[in-house]
Amino acid sequence: MRSVVSRLARLEREVRTSGRRRITVQYGYLKTLPEEYTGPRYVATVRQLPPGPGGEDWFDWEERPGPESASNATGPDDGLVRV
């Protein structure tokens with residue numbers, strides 16, 4: 001957990017010094033594919049959970065096999081960090 005906190009702190013410092021857009025942090029639970037699966041995969045949001053005690057957004061995510069469909073692809077989002 002300490003490494004996650006230090007990484008987030010480093011990202012926040014970089015944003016302040018580089019003048020880039022704001023970082024959005026989403027917290028949640030990730031259901032992963034089996035370790036045996038070796039093909040392409042993507043992460044899909046299954047549902048949004050009630051906010052945490054600090055008011056932060058919580059989600060349920062799920063890894064899915066195959067490439068993400070073009071209609072669902074959001075493109076690179078440098079301002080989004082999923083924890």
# chains A, B, ... in the order shown; residues from 1 in each chain; ligands from 1
call {"tool": "residues_around", "arguments": {"residues": "range 28-45 of chain A", "least_positions_apart": "6", "cutoff": "9 Å", "atoms": "only C-alpha atoms", "output": "PDB file with N, CA and C atoms, in the first residue's frame"}}
result
ATOM      1  N   ASP A  57     -15.035   8.110  -5.282  1.00  0.00           N
ATOM      2  CA  ASP A  57     -15.803   7.193  -6.117  1.00  0.00           C
ATOM      3  C   ASP A  57     -15.215   5.785  -6.041  1.00  0.00           C
ATOM      4  N   TRP A  58     -16.085   4.780  -5.924  1.00  0.00           N
ATOM      5  CA  TRP A  58     -15.680   3.368  -5.889  1.00  0.00           C
ATOM      6  C   TRP A  58     -16.377   2.629  -7.013  1.00  0.00           C
ATOM      7  N   PHE A  59     -15.664   1.647  -7.604  1.00  0.00           N
ATOM      8  CA  PHE A  59     -16.174   0.916  -8.756  1.00  0.00           C
ATOM      9  C   PHE A  59     -15.888  -0.575  -8.627  1.00  0.00           C
ATOM     10  N   ASP A  60     -16.634  -1.378  -9.399  1.00  0.00           N
ATOM     11  CA  ASP A  60     -16.316  -2.779  -9.646  1.00  0.00           C
ATOM     12  C   ASP A  60     -15.851  -2.847 -11.098  1.00  0.00           C
ATOM     13  N   TRP A  61     -14.611  -3.351 -11.325  1.00  0.00           N
ATOM     14  CA  TRP A  61     -14.069  -3.517 -12.669  1.00  0.00           C
ATOM     15  C   TRP A  61     -13.875  -4.991 -12.943  1.00  0.00           C
ATOM     16  N   GLU A  62     -13.814  -5.302 -14.221  1.00  0.00           N
ATOM     17  CA  GLU A  62     -13.640  -6.693 -14.622  1.00  0.00           C
ATOM     18  C   GLU A  62     -12.763  -6.741 -15.873  1.00  0.00           C
ATOM     19  N   GLU A  63     -11.745  -7.627 -15.837  1.00  0.00           N
ATOM     20  CA  GLU A  63     -10.957  -7.857 -17.042  1.00  0.00           C
ATOM     21  C   GLU A  63     -11.769  -8.730 -17.978  1.00  0.00           C
ATOM     22  N   ARG A  64     -11.735  -8.382 -19.259  1.00  0.00           N
ATOM     23  CA  ARG A  64     -12.459  -9.170 -20.252  1.00  0.00           C
ATOM     24  C   ARG A  64     -11.501  -9.561 -21.369  1.00  0.00           C
ATOM     25  N   PRO A  65     -11.712 -10.741 -21.957  1.00  0.00           N
ATOM     26  CA  PRO A  65     -10.814 -11.188 -23.025  1.00  0.00           C
ATOM     27  C   PRO A  65     -11.060 -10.432 -24.326  1.00  0.00           C
ATOM     28  N   GLY A  66     -10.014 -10.338 -25.124  1.00  0.00           N
ATOM     29  CA  GLY A  66     -10.121  -9.721 -26.443  1.00  0.00           C
ATOM     30  C   GLY A  66      -9.868  -8.226 -26.390  1.00  0.00           C
ATOM     31  N   PRO A  67      -9.787  -7.606 -27.564  1.00  0.00           N
ATOM     32  CA  PRO A  67      -9.596  -6.154 -27.611  1.00  0.00           C
ATOM     33  C   PRO A  67     -10.911  -5.444 -27.298  1.00  0.00           C
ATOM     34  N   GLU A  68     -10.799  -4.255 -26.771  1.00  0.00           N
ATOM     35  CA  GLU A  68     -11.989  -3.461 -26.468  1.00  0.00           C
ATOM     36  C   GLU A  68     -12.646  -3.031 -27.766  1.00  0.00           C
ATOM     37  N   ARG A  82      -6.530   4.361 -11.720  1.00  0.00           N
ATOM     38  CA  ARG A  82      -7.411   3.395 -11.054  1.00  0.00           C
ATOM     39  C   ARG A  82      -6.612   2.667  -9.990  1.00  0.00           C
ATOM     40  N   VAL A  83      -7.131   2.698  -8.748  1.00  0.00           N
ATOM     41  CA  VAL A  83      -6.451   2.073  -7.624  1.00  0.00           C
ATOM     42  C   VAL A  83      -7.304   0.940  -7.101  1.00  0.00           C
TER      43      VAL A  83
END
call {"tool": "residues_around", "arguments": {"residues": "Leu80 in chain A", "least_positions_apart": "3", "cutoff": "8 Å", "atoms": "only C-alpha atoms", "output": "list in words"}}
result
Ile23, Thr24, Val25, Gln26 and Asp77 of chain A
call {"tool": "select_by_dssp", "arguments": {"residues": "chain A", "states": "strand (DSSP E)", "output": "ChimeraX atom specification"}}
result
/A:24-31,41-49,58-65,80-82
call {"tool": "select_by_dssp", "arguments": {"residues": "chain A", "states": "alpha helix (DSSP H)", "output": "JSON, numbers by chain"}}
result
{"A": [2, 3, 4, 5, 6, 7, 8, 9, 10, 11, 12, 13, 14, 15, 16, 17, 18]}
call {"tool": "atom_distance", "arguments": {"atom1": "CA of Arg7 in chain A", "atom2": "CA of Val81 in chain A"}}
result
10.5 Å
